[in-house]
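Worksheet for the structure shown next.
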Amino acid sequence: MTITSALELIDQYGLFVLFFISLLEAMNCPGMPAGVILPAAGLFAGESGHHLLIVYLAMLIGANLGCLILYLFGMLGDKVAERWIKRHSGKYLEKIERYLERIRNGNWWTMFVCRLIPVMRTLGSLLAGISRMPLRNYMLGTVCGVAVYNAVGIGLGYFASWLFV
């Protein structure tokens with residue numbers, strides 16, 4: 001997905017598509033990279049007159065819901081989730097396995113950091129589910145990490161819209 005096609009979708013369907021795209025991006029669906037989607041949402045807010053906070057909240061809720069779905073998927077079955085991880089992780093598998101040991105401790109800070117690292121943004125949810133990380137700690141770290149990551153990405157797009165006006 002290019003920034004132009006993302007902007008066209010967002011322009012046509014508005015906040016609903018922002019929510020849905022954010023949900024899909026958090027679930028690592030093909031064609032939904034955060035590096036394109038988040039700045040496109042910021043550009044949308046700057047160009048369309050939609051309030052930046054409303055755009056941010058739509059993206060935040062969508063991303064956290066997508067993360068929760070992956071967490072629950074990880075809890076459903078170790079074998080299914082492990083196959084998905086191996087298929088999507090490639091050369092990072094050894095690092096991911098070490099990180100899983102940290103996640104098993106149930107520390108919310110681990111999930112916060114996980115949300116800021118590109119490959120771990122998706123895999124961390126599955127690993128937290130597989131390792132049965134306490135949901136409270138998982139959601140605290142996820143919400144905080146997604147809030148920071150989205151604020152930076154959307155903010156960059158929003159401020160870029162001022163430069164190009």
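By convention here, the chains of the structure tokens are called A, B, ... in the order presented, each chain's residues are numbered starting at 1, and ligands are numbered starting at 1 in the order presented.
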### Message
With only C-alpha atoms as the counted atoms, please give the residues lying no more than 6 Å from A:Ile154, apart from itself and same-chain residues fewer than 4 positions off, as a list in words.
### Response
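What passes the distance filter is Leu38, Pro39, Ala41, Gly42 and Asn150 of chain A.
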Write a file of the just-selected residues containing N, CA and C atoms, as a PDB file, in the first residue's frame.
```pdb
ATOM      1  N   LEU A  38       0.253   5.483   9.512  1.00  0.00           N
ATOM      2  CA  LEU A  38       0.206   6.505  10.561  1.00  0.00           C
ATOM      3  C   LEU A  38       0.435   7.916  10.016  1.00  0.00           C
ATOM      4  N   PRO A  39       1.483   8.150   9.205  1.00  0.00           N
ATOM      5  CA  PRO A  39       1.613   9.495   8.638  1.00  0.00           C
ATOM      6  C   PRO A  39       0.444   9.866   7.714  1.00  0.00           C
ATOM      7  N   ALA A  41      -2.636   9.025   8.172  1.00  0.00           N
ATOM      8  CA  ALA A  41      -3.707   9.457   9.074  1.00  0.00           C
ATOM      9  C   ALA A  41      -3.464  10.885   9.551  1.00  0.00           C
ATOM     10  N   GLY A  42      -2.210  11.217   9.842  1.00  0.00           N
ATOM     11  CA  GLY A  42      -1.882  12.584  10.234  1.00  0.00           C
ATOM     12  C   GLY A  42      -2.118  13.579   9.113  1.00  0.00           C
ATOM     13  N   ASN A 150       1.982   5.585  17.892  1.00  0.00           N
ATOM     14  CA  ASN A 150       1.002   6.245  17.031  1.00  0.00           C
ATOM     15  C   ASN A 150       1.105   7.763  17.106  1.00  0.00           C
TER      16      ASN A 150
END
```
### Query
Neighbours of A:Asn64 within 8 Å (only C-alpha atoms; same-chain residues fewer than 4 positions away dropped), as a list of chain:residue names?
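The filter keeps A:Leu23, A:Ala26, A:Leu60, A:Leu68, A:Thr142, A:Val143, A:Val146.
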Prev. selection, C-alpha atoms, output as a short mmCIF file (atom, residue, chain, number, x, y, z; two decimals), in the first residue's frame:
```
data_model
loop_
_atom_site.label_atom_id
_atom_site.label_comp_id
_atom_site.auth_asym_id
_atom_site.auth_seq_id
_atom_site.Cartn_x
_atom_site.Cartn_y
_atom_site.Cartn_z
CA LEU A 23 -6.66 -2.87 13.40
CA ALA A 26 -1.64 -4.26 14.30
CA LEU A 60 -5.35 3.97 18.94
CA LEU A 68 -5.67 -7.96 21.70
CA THR A 142 0.40 -2.38 24.81
CA VAL A 143 -1.79 0.68 25.31
CA VAL A 146 0.85 1.99 20.93
#
```
### Task
Tell me which protein, DNA and RNA residues are within 7 Å of A:Trp108, counting only C-alpha atoms, leaving out same-chain ones fewer than 6 positions away, and put them as number ranges by chain.
A: 137-138, 140-141
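For A:His51, the non-local neighbours within 12 Å, defined as residues at least 5 positions apart in the same chain or in other chains and counting only C-alpha atoms, are Gly14, Leu15, Ala41, Gly42, Leu43, Phe44, Ala45, Gly46, Tyr56, Leu57, Ala58 and Tyr158 of chain A.
Ranking A:Gly74, A:Gly157, A:Gly124, A:Gly129 by their shortest atom-to-atom distance to A:Ala40, with only C-alpha atoms included, puts A:Gly157 first.
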### Query
Rounded to one decimal in Å, what is the spacing between atom CA of A:Thr122 and atom CA of A:Ile69?
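Going from atom CA of A:Thr122 over to atom CA of A:Ile69, I get 10.8 Å.
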### Message
List the spatial neighbours of A:Val148 as a count of residues only - criterion: any atom at most 9 Å away, only C-alpha atoms, same-chain residues fewer than 4 positions off excluded.
### Response
6
### Task
Find the residue from A:Phe20, A:Phe112, A:Tyr149, A:Phe164 that sits nearest to A:Ser125; use only C-alpha atoms when measuring.
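Checking each candidate against A:Ser125, we get A:Phe112 as the closest.
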### Task
Mind giving me the straight-line distance from atom CA of A:Met139 to atom CA of A:Gly35 in Å, one decimal?
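These atoms are spaced 22.6 Å apart.
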### Query
So how far away is atom CA of A:Ile54 from atom CA of A:Leu18, in Å?
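Separation of atom CA of A:Leu18 and atom CA of A:Ile54: 10.5 Å.
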